[in-house]
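Encoded as C-alpha cells, the structure appears first; notes follow it.
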There are 4 protein chains.
Amino acid sequence: MRKVYSLQIQYPEQTREFDSRLTKTGRRSLSHSISHSSTDSNSSGGSDAENPEDEVSPRDMQQINSKGSRDFCIKNIKLADFGRREIEHAEDEMTALMALRKATQVEKPLAGAKIVGCTHVTAQTAVLFETLMVLGAQCRWAACNIYSTQDEVAAALAEQDFPVFAWKGESEDDFWWCIDRCVNVEGWEPNMILDDGGDMTHWIYKKYPHLFKKVKGIVEESITGIHRLHHLSKAGKLCVPAINVNDSVTKQKFDNLYCCRESILDSLKKTADIMFGGKQVVVCGYGEVGKGCSAALKAMGSVVYVTEIDPICALQACMDGFRLAKLVDVVRQVDMVITCTGNKNIVVREHMDLMKNGCVVCNMGRSNTEIDVSSLRTPELVWQHVRAQVEHIIWPDGKRIVLLAEGRVLNLSSSTVPTYVLSITATAQALALIELFNAPEGRYKQDVYLLPKKLDEYVASLHLQTFDAHLTELTDEQAKYMGLSKYGPFKPSFYR
Amino acid sequence: MRKVYSLQIQYPEQTREFDSRLTKTGRRSLSHSISHSSTDSNSSGGSDAENPEDEVSPRDMQQINSKGSRDFCIKNIKLADFGRREIEHAEDEMTALMALRKATQVEKPLAGAKIVGCTHVTAQTAVLFETLMVLGAQCRWAACNIYSTQDEVAAALAEQDFPVFAWKGESEDDFWWCIDRCVNVEGWEPNMILDDGGDMTHWIYKKYPHLFKKVKGIVEESITGIHRLHHLSKAGKLCVPAINVNDSVTKQKFDNLYCCRESILDSLKKTADIMFGGKQVVVCGYGEVGKGCSAALKAMGSVVYVTEIDPICALQACMDGFRLAKLVDVVRQVDMVITCTGNKNIVVREHMDLMKNGCVVCNMGRSNTEIDVSSLRTPELVWQHVRAQVEHIIWPDGKRIVLLAEGRVLNLSSSTVPTYVLSITATAQALALIELFNAPEGRYKQDVYLLPKKLDEYVASLHLQTFDAHLTELTDEQAKYMGLSKYGPFKPSFYR
Amino acid sequence: MRKVYSLQIQYPEQTREFDSRLTKTGRRSLSHSISHSSTDSNSSGGSDAENPEDEVSPRDMQQINSKGSRDFCIKNIKLADFGRREIEHAEDEMTALMALRKATQVEKPLAGAKIVGCTHVTAQTAVLFETLMVLGAQCRWAACNIYSTQDEVAAALAEQDFPVFAWKGESEDDFWWCIDRCVNVEGWEPNMILDDGGDMTHWIYKKYPHLFKKVKGIVEESITGIHRLHHLSKAGKLCVPAINVNDSVTKQKFDNLYCCRESILDSLKKTADIMFGGKQVVVCGYGEVGKGCSAALKAMGSVVYVTEIDPICALQACMDGFRLAKLVDVVRQVDMVITCTGNKNIVVREHMDLMKNGCVVCNMGRSNTEIDVSSLRTPELVWQHVRAQVEHIIWPDGKRIVLLAEGRVLNLSSSTVPTYVLSITATAQALALIELFNAPEGRYKQDVYLLPKKLDEYVASLHLQTFDAHLTELTDEQAKYMGLSKYGPFKPSFYR
Amino acid sequence: MRKVYSLQIQYPEQTREFDSRLTKTGRRSLSHSISHSSTDSNSSGGSDAENPEDEVSPRDMQQINSKGSRDFCIKNIKLADFGRREIEHAEDEMTALMALRKATQVEKPLAGAKIVGCTHVTAQTAVLFETLMVLGAQCRWAACNIYSTQDEVAAALAEQDFPVFAWKGESEDDFWWCIDRCVNVEGWEPNMILDDGGDMTHWIYKKYPHLFKKVKGIVEESITGIHRLHHLSKAGKLCVPAINVNDSVTKQKFDNLYCCRESILDSLKKTADIMFGGKQVVVCGYGEVGKGCSAALKAMGSVVYVTEIDPICALQACMDGFRLAKLVDVVRQVDMVITCTGNKNIVVREHMDLMKNGCVVCNMGRSNTEIDVSSLRTPELVWQHVRAQVEHIIWPDGKRIVLLAEGRVLNLSSSTVPTYVLSITATAQALALIELFNAPEGRYKQDVYLLPKKLDEYVASLHLQTFDAHLTELTDEQAKYMGLSKYGPFKPSFYR
C-alpha cells in the first residue's frame, strides 16, 4: 500500500488511498484494444503487471518526435506506430465520435477551447481527445491513474504533437508532476477542464485558483469526482459550472444494466468456470446492476433469489419472477452469492459460515465493502490461491468457499468493458464540453448539472447506427399534439 | 355521442366529451369482481350493456335501509347482500388495505377527516372507502362515471349507512346531481377531496368555492384530473395542496409495464384468437407499455420490431433484442401492429393500405388517436363486424385487416385489470389522504405534489406479502454508511 | 351420464363412456371459426350448450339441396350460405391444404379413392374433406362426436352434394345410424378409412368386415383410436395397414408444446383471471405439455416449481432453471397447481388440505384423472359455482381453493385451438391418405405405422410459408457428404 | 500435418489423419481442472503448447513408485502429489461417481472385470478409472490422444500402482506402444474394453484378435469410434456386444444443448470480446447445438436469424421466435455468423465477400468443414493474427472479417467443458461397463447398442442431487395405471 494521499476535501467514512484511483471511475474497468490484449491475455488494466523499475524515468529522458517537438513526456516515442494502429482499431468501433467529427466539420464548435484533460490514457480516450482537436480545441493531457496508461498510445499522440504527459507506472510524485505540466504552461491558459476523478480540478484549486476566472466549465465522469464537486458546491466554493456525465441515462444503463448483464457471465466463466444451468444463486440488491446480473443468470437456467431493502425494487424483483428472500434464509442452499448493493457488509462471516461447500462468493457492486473479506483472515481458515482472481477459503471441517477477486468488483478484474460502452461515455464528454463552451451567458450557474436530456438523447442517437436502427421522426402535427419539439428532448429529464 | 360538456377549464386540443369519462382513468379499465363476471361474460365495464331505460329513476324512488336511513341514492337496496359478498371477495385480494386497517387500528389517522369522493363505485373502491371509515373518516361518495357503478356494491354500502349516490346508467344530469348530493349537505362540510377525473373538484370550484377554506387537500388519480389541477395551478387558482397518485412509481409500473405485459396477450387471445409463435409483430413505442407488450410477445415466440422517436428508448429496444425500424419499412410483412405511443396518427391509411391480408391492428396507448380509424370509413372499404371488439375491414381486392376495439385502448375493453393492480392505486390513495390530512402546517403549499417517495415505498411494502417476499432491513451501520434512514426513502424521488 | 357404450375391445382400466368421446382426440379441443364464436362467446364446443330437444330429428326430415340431391342428413340445409363463409374463413388460414390442392392439381393422387370419414364436422375439417375431393377422392362423412358438429358447415357441404351425416346433438342411436349411412351404400364400397376415435373402423369390423378386402388403409389421429388399432394388431386382427398421425413430430410439438405454451395463459386468464407476475406455481410433469406451461409462466414472471418422476425430464427441468420438488413439499406455499402428467391421482385430498387460501388447481394433462376431484365431494366441503369452469371449494375454516374445469383438461374447455394447429393435423391426414392409397404393394403390412418422416417433414414445410420462412436447400455436395437425399428425410425417424 | 494414419476400416469421405484425434470425441473438449488452468491460461487441451522435445522420452526412463512398482510409463512420478490434489478436486464435483462408489460398496459389480482403457488421461477420467477399481475391476490404461494427458494425474495413478501408459506429447509410435503395453501383458487378459475413438479396439482386432474370445463387451463414447463399430458390425466382423454411450439422451443434451448454450457466450467473449446486446447474428443449423446457441444469444439481447434445411427444425425455430432465412439473404447485415450444422461448406467465400466490415465468423459444429477457410487463403486477402484463436482477414478494400479458431470448433479451443458434463459421460461409461459385464447370456448380441434407457435415467438421477432436486416416486397404483415399473424406464427409448 502506498502513502495515503491527503486530500483537503474529506468524504464520509472514506480514507482515500492512492491505489483506489484504480477503481475511481466507478463501475468501469479499462477496455483493452485488440492488439493490446493479444500480448496481455486477459489481465486487468495492468494492475497485475510486473514493473521492472530499473529503467530511466521518462522525466529524465530527452525525447523528441519526428517533427521536432518536445512538449510531451511519455515512456517511449518509438512505440508511436504501434499506438497509432491501436487508435485506428478503436476508431473503427467508436463510430459515434467519428460521426461527430464529420457532423461538425464545418463549424468547429470547440474553436478557441483550451482543454486540460486528466483521464485514463488509452486508445479509446485518444479517439476522444483527437476528436476534441478535430472540433477545434487545443488540449493538454495527463493520466488520471498511475497504472492505466497505454504507453504506445501516448507515443502515437506525442508523435502527432499532442502534449501528453503520462506513462504506465508513474509514482505519486510523477502523477502530480504530469498534471502540473498540463496546467502550468507559459502563454497558455486552459478554459475547460475534462476530469475523471477530480484530481485536475483539485490541483488547479490548490495551485492555480486564478485560472478559474477563464474556465468556462468542468466535465467530470466519475462518481468520486462528482462527490468532490458537490462537496465544493455545498461549501460555496464551486466557481464554475460543471456537468456530471456519470448520471446520464445512457451511461447509467450501459455501465450498469447492459454491461453487467453480459459481464457477470463472462467474469464467472473466466474465474470460477462454473456451469450456470440449474444452479441456485442469490443476488443481493436489485438496482440496475442486480437487474442485469439476475436477468442473465435466469436466462442461463439458474434459479435466482434476490435480496432488497427497497420495497419498490423488491416488488419489481417479484414481478420479474424472482423469489425475494433474506440472505440468511437462503445462504445455506445457494451455489453462488453475488453482491450488487453499493452498501457495506452485505455478506459477513456469519453468512459465510453457513454456506455450503463450494459456494462461490463475489461482488459486482462497491469495491471491497460489500463482502467482509477481512473477517475471513482468521487463523482457523486456510486461504488457497487457486488462480488469478480465485481464492479458496477452507474451513477447519474441509468446507471451502470460492472467493473471487478478493471481494473487489468482479467484472473490473475479470471482464473487459466493450469499446461500445466506452464510446457512450466519451461521446457524452465531448458533447458536454461543447455545451459548456458554447452555452450563452447565464444558462449555467456555478453548480453541478446533469447532462441535458437533449444531449443525452443525442448520445443515444449517435450510437443507434451500430445496430442499423431506424428512428422514427415526429410529424409536425404529432409534435404539436404532444407539445414536443420534433428534435427532442422527448421525455422529462427524470425519465429513465 | 352525447352532448358536449362545457368545461370552463380548457385543455389543449381536447374537446372533452361526456363519453370520454369512460376512459379518463388513463390506461386502466375496471376490474370485474368474481361473481359479476359470471353474469357478464367478458364485456367491458358495462359500456356495451343494454339499459332498458323504462325503469323508475333512483332519484324518484324512496328507499330506506334496514336501519332506517335514507341518506343515499342507489338503484336497489335489495342487492345489498349480493354486494356485500362482492366486497368480501375483493377484501380477500386487497390485503394491503386490510393490513392498513390493522396497522392503524389504534391511532385512527383520519379521525376528523370528512372526505367527499368521486370515483368508480366498485367492489374494490368500496374496500378503499370502508377502509377510510375504519381509519376514522366520514365519507360521502358519488360515481365518476355514469356506467361503471356496480349497483349491488352501492346497495351494500347504503345498507351500512354509507352515503353513496351512484347507479349504473346515470344521465348527465344525474351525474352532477349525485355529486352535488355529496357536497351540498346541511351541517357537514368536507375537508378532503378524493377525486378521479377532477369532476368533484370542478364542481366545488364552480358552486361552493367557499368550502376550500376548510379543505386540507385533494388526492387525484387520473391523468385528466391531474391535467386539470396543473392548469389550475398554473393559473394561480389552486387554493389547496393536491397529491398526484397517478405518477407514483408503483402505480406507473403496475398500470403500464406489468399489467400490459399480461393483458396484451389476454386481449389478443380474447379478440383475434391469434397464435403468437412465429408471428411478426411491430410495437410502436417503447415506453413502459411498449416494453411490456414487446417482452410478452417475444416470450411467446413472436418476432417483434419496435418503432421509436426517442433515441434513448430506441437504444433500450436494441439492447433488449428488438430490431428498431420505421413502421413503413416493416408494415408490409408483419402479422400485427400494436400502438403504444400516447401520440396520434401513428397508423394511418397509407400504412393500412400496405398491410398484408389478415394483419391485426390494435392500440394499447391513447384512446382513439393512435390509429386513424376515420380514414377507414370510406366507401370503397367494407366493414364487417365479426365479433365483440373485432371488425374486418375489407379492401376492394379482398384483402382484409382485423381492427380490434375500433382503435380504442385494447385492454380496456378486452381484458380485466387484476384486483392486485387496483389495490396498489387504492392504497396509494389512502396513504395520500392520511399524509395530506396530517401534514404539519407548511409542508405542502398550494401546488400539485407527487406521492412522497417514502409513501410510495410503503405502498410497495404492503403489497410484498402477497408474494411471501421478505425484505431485508438495513443495519444501523449500513444506513449510516449510505446516508439513509433505515426506514426509507431509499432512492431519490426520480428513481424509477 | 349416458348409458355405457359396450365395446368389445377392452382397454386396461378404462371403461369407456359415451361422453368420453368429447375428449377422445387427446389433448385437442375444437377450434371455433370466427363467426361461430361471435354468437357463442367462448363456450367450449357445445358441451355446455342447452339443446331444447323439442325439434324434429334430422332423420325424420326430408331435405333436398338446390341441385336436387337428398344423399345427406343434417340439421338445416338453409344454413348453407352461412356455413360456406365459415369454410372460406378457414381456407384463408389453412394455407397448407390450399397449397396441396394446387400442387396436386394435375395428377389427382386420390383419383379412385373412396373414403369414409368419421371425424369432427367443423369448418376446418370441411377444408380437409373438400381438399380430398379436389385431389380426386369420393368421400362420405359422419361425425365422431355427438356434440361437435357445426350444423352450418354440414349444410354447406350438403349443398355441394357432399354426402354428410351429422348434426349437433345426435343421440347415441343417431351416432351409429350416421356412421352406417356412410358405409352401407348400394353400389359404393369404401377403400380408405379416415377415423378419429376408431368408431368407423369398429363399425366396419363389426358389421361389414368383408369391406376390408378392398380397403387400402386406415388413417387415425386420436390416441384412443390408436390404442384400439394396436389392440387389434396385437390380437392379429388388423387386416389392413394403418397410419398413426397422432405421433408425428409436427403434431406432437404443436398439440403439446407450442399450443399449451399459449393456451395455459389464455385458459388461466379466462377462468381464474389471475395475475401471473410474482406468483408461485407448481407444474406437475415436465413432458411437452409441462415444458410449454412452465416456459410460459416463467416468461410472465411466475416462480415455477416442477415435479417429475423421470430423472431425465427432471434434469431438463433443472437445466431450464426450475426447482425440482415434490408436490407435498411446495403445495403449502404455491398460488397455483397445474397437472400435466398423463397419470392419475397427482393432486389428492391430502395435498388440497395443505393448500393455502385462494390456491388455483387445474389440469392440462389427462382428463379427469390427475386431480382427485371426487375426494372433494364430501359433506364438510362447500362447493360454490362462481363462473363457467370455476368452482370454489370451501373448507370448514373458510379456506377456499379455486378448481378449474372440475379437473378436466383446462384448455379444452377454456381456450381455442388455433386453426394453425388444426391445419397441421389435417395436412398430415391428407398426406397419410395419399401415401397409403398410392403405396406400392408390400410397402405397408397389416400393422400400425407412424407417418413416414419424409411426409412429416413435408407437413412442416407446407406450414413454413405462414412465417415467411425460407428453407435452405442442400447442395449436391453437401447431401453426399451427409449421406442424405436433398429432399429429405433429414433426420432419423426417432428424432424429435 | 503429420503422416496419414492408414486405417483398414475406411470411412466415407474421411481420410483420417492422426491429428484428427484431437477432436475425435465429437463436440467435447477437455476440461481443465482448477490448478491446471492456473498455469495454462485458457489454452486448449495442449494443441497450442510448445513441446521442447529435448527431454528424455518416458520410454527411456526407469521410474519406480514409492511402493516399488514399475508397471507404468509416464512423464514424471514426482508429480504424483500435485496430481492427487487435482483428482481430489475433480472428485468434489463428480458426485455421481462418488455416489456410485458408495452404492456398490458391498456387491462389487465389477469384481473379476479386467478392463483395458484408452481415453483421455485427465483428472476427471482418473476419477472414473479409480471408481472402476473401487467397483472391483482391474484396469490398464493408455491415452487416446497424444496431447491431452495431464502428466501429474498419470503420476498420481502410477503412484497408486495403477498401470497407466500415457504422457503429454507422445509420438505416433509412442501412442501405439502405450496401447500395446495395456494389452500385451503376460498372465493377464482383458475381458472388457473402454474405448474413446476406437484405437484400442482396432489394435486388438489387428494384433490380438484371439483376446475377443474372453471379451464381454466394448464401451465406446466417441462418434468416430461408433462409426468404426457400426462399420465392423455391418461387415459382420463385430464379435462382441458394444454399447454406444455417445447417443444417450443425457450425454447428447449436455454435450450439445446445455453445454453450448453457455459455451457459445464464453467462447465469443474470450475471443472476439463482442457485446451481444443489439447485435444481429445468424445461426446456421437448428439442431441441439444451434438451439443452445440461439437461445443464449437471444437471451443476451441479440437479434438471431436461423438457417435450416430440415423443415421440422425450421418450424421449431419459427415457433421459438427466430426468423428463418437463407444465409445469403442476411449475410450482408449480420454482425456474426455461427455454424452448427455438422455439414460442410456452409459458409463459403461468396458469403464472406458479402459480409460487412467486422463480421465475426465461427463454427460450433463439425471441425474444419463448415467454414470454407481454405477459400480465404488467396493472395489478395491479408491474414492478420490478432490474438489466440482470432484472425483478421482483410479484403483489398480494407474490409476485415474476424475468423475465430480458424474455423475449428470454437468452444473446443476457447471454452472449457464443465466437469459436470464430463461426469455425465463418465457415469454412463461406468454403468455401461457394469451392464455388459453382468448381463445374462443372450441379452446382448454381437451388435452396437444404445445405453439402455433405464441406465440413462439412472445417470440422470445420480446427477440430480447437485441441484438439490427431489424426484417424485410413482405410487403402486400410478405405476399400474401407466403400465410402468416404479423404477423406470419411464419413457420409450426414442424419447428425447
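Ordered as shown in the C-alpha cells, chains take letters A, B, and onward, while each chain numbers its residues from 1 and ligands are numbered from 1 in the order shown.
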Name all residues at most 9 Å from Thr307 in chain A (count only C-alpha atoms; drop same-chain ones fewer than 5 positions away) and give them as a PyMOL selection string. (chain A and resi 282-286+314+317+323-327) or (chain B and resi 470-472)
Keeping only N, CA and C atoms, write those residues as a compact mmCIF listing (two decimals), in the first residue's frame.
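Written out: out_2.txt:
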# COMPACT_ATOMS: atom_id res chain seq x y z
N VAL A 282 -27.98 -16.33 -5.24
CA VAL A 282 -28.66 -15.19 -4.62
C VAL A 282 -27.95 -13.92 -5.05
N VAL A 283 -28.72 -12.98 -5.56
CA VAL A 283 -28.21 -11.69 -5.98
C VAL A 283 -28.67 -10.66 -4.94
N CYS A 284 -27.71 -10.02 -4.30
CA CYS A 284 -28.05 -9.05 -3.25
C CYS A 284 -28.15 -7.66 -3.89
N GLY A 285 -29.34 -7.12 -3.90
CA GLY A 285 -29.55 -5.80 -4.48
C GLY A 285 -30.15 -5.91 -5.86
N TYR A 286 -31.26 -5.17 -6.08
CA TYR A 286 -31.95 -5.24 -7.36
C TYR A 286 -32.05 -3.86 -7.99
N ALA A 314 -37.91 -4.32 -4.64
CA ALA A 314 -38.31 -5.67 -4.24
C ALA A 314 -39.52 -6.13 -5.02
N ALA A 317 -38.56 -7.06 -8.45
CA ALA A 317 -37.95 -8.39 -8.47
C ALA A 317 -39.03 -9.47 -8.49
N ARG A 323 -37.72 -14.92 -6.46
CA ARG A 323 -38.13 -15.04 -5.07
C ARG A 323 -37.34 -14.01 -4.28
N LEU A 324 -38.03 -13.20 -3.50
CA LEU A 324 -37.37 -12.22 -2.66
C LEU A 324 -37.15 -12.83 -1.29
N ALA A 325 -35.91 -12.86 -0.85
CA ALA A 325 -35.59 -13.56 0.38
C ALA A 325 -34.57 -12.75 1.17
N LYS A 326 -34.41 -13.09 2.42
CA LYS A 326 -33.28 -12.56 3.18
C LYS A 326 -32.08 -13.47 2.94
N LEU A 327 -30.94 -12.87 2.90
CA LEU A 327 -29.74 -13.65 2.61
C LEU A 327 -29.60 -14.83 3.58
N HIS B 470 -39.62 -11.43 1.38
CA HIS B 470 -39.01 -11.00 2.63
C HIS B 470 -38.00 -9.89 2.40
N LEU B 471 -38.34 -8.69 2.82
CA LEU B 471 -37.43 -7.56 2.70
C LEU B 471 -36.29 -7.68 3.69
N THR B 472 -35.15 -7.18 3.28
CA THR B 472 -34.01 -7.08 4.18
C THR B 472 -34.04 -5.71 4.85
Please identify all polymer residues within 9 Å of Tyr487 in chain D, counting only C-alpha atoms, omitting same-chain residues fewer than 2 positions from it, and present them as a PyMOL selection string. chain D and resi 454+473-474+484-485+489-490
Please, could you write that set of residues out with C-alpha atoms as a CSV table (one decimal), in the first residue's frame?
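Final file, result-v1.csv:
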chain,number,residue,atom,x,y,z
D,454,LYS,CA,-33.1,-47.3,-17.6
D,473,GLU,CA,-41.9,-41.6,-6.9
D,474,LEU,CA,-44.8,-43.3,-8.6
D,484,LEU,CA,-44.8,-48.7,-15.9
D,485,SER,CA,-42.4,-50.1,-13.4
D,489,PRO,CA,-37.7,-46.8,-17.6
D,490,PHE,CA,-40.4,-44.1,-17.8
Give me, as CSV, the closest atom pair and its distance (Å, one decimal) for every residue of chain C within a cut-off of 9 Å of chain B, counting only C-alpha atoms, rows sorted by chain and rising number.
residue,atom,partner,partner_atom,distance
C:Ile34,CA,B:Val386,CA,6.9
C:Ser35,CA,B:Val386,CA,6.0
C:Ser37,CA,B:Arg387,CA,7.4
C:Ser38,CA,B:Arg387,CA,4.5
C:Thr39,CA,B:Arg387,CA,7.8
C:Ser41,CA,B:Ser41,CA,7.6
C:Asn42,CA,B:Lys270,CA,8.4
C:Asp92,CA,B:Gly358,CA,8.8
C:Tyr258,CA,B:Gly277,CA,7.5
C:Cys259,CA,B:Met275,CA,8.2
C:Arg261,CA,B:Met300,CA,7.5
C:Glu262,CA,B:Met300,CA,7.0
C:Leu265,CA,B:Asp266,CA,7.7
C:Asp266,CA,B:Asp266,CA,6.1
C:Lys269,CA,B:Asp266,CA,6.7
C:Lys270,CA,B:Asp266,CA,8.1
C:Ala272,CA,B:Ile34,CA,8.8
C:Asp273,CA,B:Pro418,CA,7.2
C:Ile274,CA,B:Pro418,CA,6.9
C:Met275,CA,B:Pro418,CA,6.2
C:Phe276,CA,B:Glu262,CA,7.6
C:Gly277,CA,B:Tyr258,CA,7.5
C:Gly278,CA,B:Phe467,CA,6.1
C:Lys279,CA,B:Phe467,CA,6.5
C:Gln280,CA,B:Phe467,CA,7.7
C:Ala295,CA,B:Ala299,CA,8.6
C:Ala296,CA,B:Met300,CA,7.0
C:Ala299,CA,B:Ala299,CA,5.8
C:Met300,CA,B:Ala296,CA,7.0
C:Gln333,CA,B:Asp468,CA,8.3
C:Gly358,CA,B:Asp92,CA,8.8
C:Val386,CA,B:Ser35,CA,6.0
C:Arg387,CA,B:Ser38,CA,4.5
C:Ala388,CA,B:Ser38,CA,7.0
C:Ser415,CA,B:Lys269,CA,8.7
C:Thr416,CA,B:Asp273,CA,7.6
C:Val417,CA,B:Met275,CA,8.9
C:Pro418,CA,B:Met275,CA,6.2
C:Thr419,CA,B:Met275,CA,8.7
C:Tyr420,CA,B:Met275,CA,7.7
C:Thr466,CA,B:Lys279,CA,8.5
C:Phe467,CA,B:Gly278,CA,6.1
C:Asp468,CA,B:Gln333,CA,8.4
Give me the residues near His463 in chain A as a PyMOL selection string, where near means some atom within 12 Å (using only C-alpha atoms) and where sequence neighbours in that chain fewer than 2 positions away do not count. (chain A and resi 93-100+250-251+254+419-428+456-461+465-471) or (chain B and resi 311-312+314-316+318-319) or (chain D and resi 278)
For the residues in that selection, give me C-alpha atoms as a tab-separated table (two decimals), in the first residue's frame.
chain	number	residue	atom	x	y	z
A	93	GLU	CA	-15.61	0.85	-33.14
A	94	MET	CA	-16.21	4.38	-31.89
A	95	THR	CA	-18.35	5.38	-34.79
A	96	ALA	CA	-20.29	7.92	-32.76
A	97	LEU	CA	-17.22	10.11	-32.22
A	98	MET	CA	-16.20	9.68	-35.84
A	99	ALA	CA	-19.69	10.75	-36.87
A	100	LEU	CA	-19.38	13.75	-34.57
A	250	THR	CA	-27.26	6.30	-21.46
A	251	LYS	CA	-24.14	5.97	-19.36
A	254	PHE	CA	-24.81	0.85	-20.29
A	419	THR	CA	-15.46	-0.28	-26.55
A	420	TYR	CA	-19.10	0.41	-27.26
A	421	VAL	CA	-19.72	1.28	-23.63
A	422	LEU	CA	-16.64	3.48	-23.51
A	423	SER	CA	-17.82	5.20	-26.66
A	424	ILE	CA	-21.01	6.24	-24.95
A	425	THR	CA	-19.13	7.94	-22.15
A	426	ALA	CA	-16.64	9.57	-24.49
A	427	THR	CA	-19.39	10.95	-26.67
A	428	ALA	CA	-21.18	12.35	-23.65
A	456	ASP	CA	-28.24	12.53	-23.63
A	457	GLU	CA	-30.67	11.69	-26.41
A	458	TYR	CA	-28.08	12.80	-28.95
A	459	VAL	CA	-25.52	10.43	-27.47
A	460	ALA	CA	-28.03	7.65	-27.87
A	461	SER	CA	-28.88	8.57	-31.43
A	465	GLN	CA	-26.34	3.29	-36.26
A	466	THR	CA	-24.26	0.39	-34.95
A	467	PHE	CA	-27.45	-1.58	-34.82
A	468	ASP	CA	-28.71	-0.45	-38.19
A	469	ALA	CA	-31.57	1.00	-36.19
A	470	HIS	CA	-34.02	3.40	-37.78
A	471	LEU	CA	-35.57	6.11	-35.64
B	311	PRO	CA	-33.21	7.63	-29.19
B	312	ILE	CA	-32.80	6.56	-25.58
B	314	ALA	CA	-34.70	3.17	-29.08
B	315	LEU	CA	-31.32	2.12	-27.75
B	316	GLN	CA	-33.02	0.23	-24.94
B	318	CYS	CA	-31.91	-2.59	-29.36
B	319	MET	CA	-30.21	-3.82	-26.22
D	278	GLY	CA	-28.44	-5.47	-30.17
Name the residues of range 236-308 of chain A that fall into strand (DSSP E) according to DSSP on the backbone, using the chain letters and numbers of this document, as a compact mmCIF listing (two decimals) with N, CA and C atoms, in the first residue's frame.
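Just written: selection_13.txt:
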# COMPACT_ATOMS: atom_id res chain seq x y z
N ALA A 242 -20.34 22.88 -13.76
CA ALA A 242 -19.79 21.54 -14.03
C ALA A 242 -20.91 20.66 -14.55
N ILE A 243 -20.55 19.79 -15.48
CA ILE A 243 -21.53 18.81 -15.95
C ILE A 243 -21.08 17.42 -15.52
N ASN A 244 -22.04 16.76 -14.89
CA ASN A 244 -21.87 15.40 -14.41
C ASN A 244 -22.31 14.46 -15.53
N GLN A 280 -28.33 -22.58 -8.00
CA GLN A 280 -29.07 -21.62 -7.19
C GLN A 280 -28.14 -20.45 -6.85
N VAL A 281 -28.65 -19.26 -7.08
CA VAL A 281 -27.85 -18.06 -6.91
C VAL A 281 -28.65 -17.04 -6.12
N VAL A 282 -27.98 -16.33 -5.24
CA VAL A 282 -28.66 -15.19 -4.62
C VAL A 282 -27.95 -13.92 -5.05
N VAL A 283 -28.72 -12.98 -5.56
CA VAL A 283 -28.21 -11.69 -5.98
C VAL A 283 -28.67 -10.66 -4.94
N CYS A 284 -27.71 -10.02 -4.30
CA CYS A 284 -28.05 -9.05 -3.25
C CYS A 284 -28.15 -7.66 -3.89
N VAL A 303 -31.45 -20.70 -10.92
CA VAL A 303 -32.57 -20.32 -10.06
C VAL A 303 -32.07 -19.16 -9.20
N VAL A 304 -32.66 -18.00 -9.37
CA VAL A 304 -32.12 -16.79 -8.75
C VAL A 304 -33.03 -16.29 -7.62
N TYR A 305 -32.44 -16.03 -6.48
CA TYR A 305 -33.11 -15.34 -5.38
C TYR A 305 -32.56 -13.92 -5.30
N VAL A 306 -33.38 -13.00 -4.86
CA VAL A 306 -32.96 -11.61 -4.77
C VAL A 306 -33.16 -11.12 -3.34
N THR A 307 -32.22 -10.31 -2.85
CA THR A 307 -32.46 -9.62 -1.58
C THR A 307 -32.54 -8.13 -1.86
Can you list every residue in range 322-451 of chain B that DSSP puts in alpha helix (DSSP H), as a ChimeraX atom specification? /B:327-330,349-354,410-414,419-438
Emit the selected residues as an mmCIF file, in the first residue's frame, including C-alpha atoms.
data_model
loop_
_atom_site.group_PDB
_atom_site.id
_atom_site.type_symbol
_atom_site.label_atom_id
_atom_site.label_comp_id
_atom_site.auth_asym_id
_atom_site.auth_seq_id
_atom_site.Cartn_x
_atom_site.Cartn_y
_atom_site.Cartn_z
ATOM 1 C CA LEU B 327 -43.321 1.425 -39.433
ATOM 2 C CA VAL B 328 -43.437 1.970 -43.143
ATOM 3 C CA ASP B 329 -40.458 -0.323 -43.653
ATOM 4 C CA VAL B 330 -41.948 -3.344 -41.895
ATOM 5 C CA ARG B 349 -54.392 4.848 -44.026
ATOM 6 C CA GLU B 350 -51.193 4.702 -46.057
ATOM 7 C CA HIS B 351 -49.842 2.101 -43.642
ATOM 8 C CA MET B 352 -53.032 0.108 -43.716
ATOM 9 C CA ASP B 353 -53.057 0.115 -47.484
ATOM 10 C CA LEU B 354 -49.685 -1.629 -47.338
ATOM 11 C CA LEU B 410 -57.482 -2.734 -26.365
ATOM 12 C CA ASN B 411 -57.047 -3.998 -22.864
ATOM 13 C CA LEU B 412 -59.641 -1.604 -21.520
ATOM 14 C CA SER B 413 -62.260 -3.435 -23.471
ATOM 15 C CA SER B 414 -60.853 -6.895 -23.719
ATOM 16 C CA THR B 419 -57.549 -6.558 -8.342
ATOM 17 C CA TYR B 420 -53.909 -6.503 -7.354
ATOM 18 C CA VAL B 421 -53.266 -3.541 -9.604
ATOM 19 C CA LEU B 422 -56.329 -1.738 -8.293
ATOM 20 C CA SER B 423 -55.147 -2.435 -4.778
ATOM 21 C CA ILE B 424 -51.944 -0.553 -5.428
ATOM 22 C CA THR B 425 -53.802 2.554 -6.509
ATOM 23 C CA ALA B 426 -56.289 2.340 -3.678
ATOM 24 C CA THR B 427 -53.531 2.002 -1.118
ATOM 25 C CA ALA B 428 -51.730 4.989 -2.567
ATOM 26 C CA GLN B 429 -54.946 6.992 -2.350
ATOM 27 C CA ALA B 430 -55.449 6.068 1.279
ATOM 28 C CA LEU B 431 -51.888 6.959 2.204
ATOM 29 C CA ALA B 432 -52.067 10.233 0.293
ATOM 30 C CA LEU B 433 -55.212 11.196 2.177
ATOM 31 C CA ILE B 434 -53.576 10.381 5.506
ATOM 32 C CA GLU B 435 -50.492 12.363 4.524
ATOM 33 C CA LEU B 436 -52.360 15.478 3.467
ATOM 34 C CA PHE B 437 -54.709 15.342 6.429
ATOM 35 C CA ASN B 438 -51.941 15.022 8.972
#
Residues near Asn345 in chain D, anyone? I mean within 10 Å using only C-alpha atoms, not counting same-chain ones fewer than 5 positions away, as a ChimeraX atom specification. /C:475,477-478 /D:339,368-373
Of the residues C:Glu130, C:Asp397, C:Asp81, C:Asp247, which is the one nearest to Val448 in chain C, using only C-alpha atoms?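 Closest candidate: C:Asp247.
Proximity to range 194-199 of chain B at 7 Å, evaluated using only C-alpha atoms and with sequence-adjacent residues fewer than 2 positions away removed, yields Lys24, Thr25, Ile115, Val116, Gly117, Cys118, Thr119, Cys144, Met192, Thr201, His202, Trp203, Ile218, Val219, Glu220, Glu221, Ser222, Thr224, Gly225 and Arg228 of chain B.
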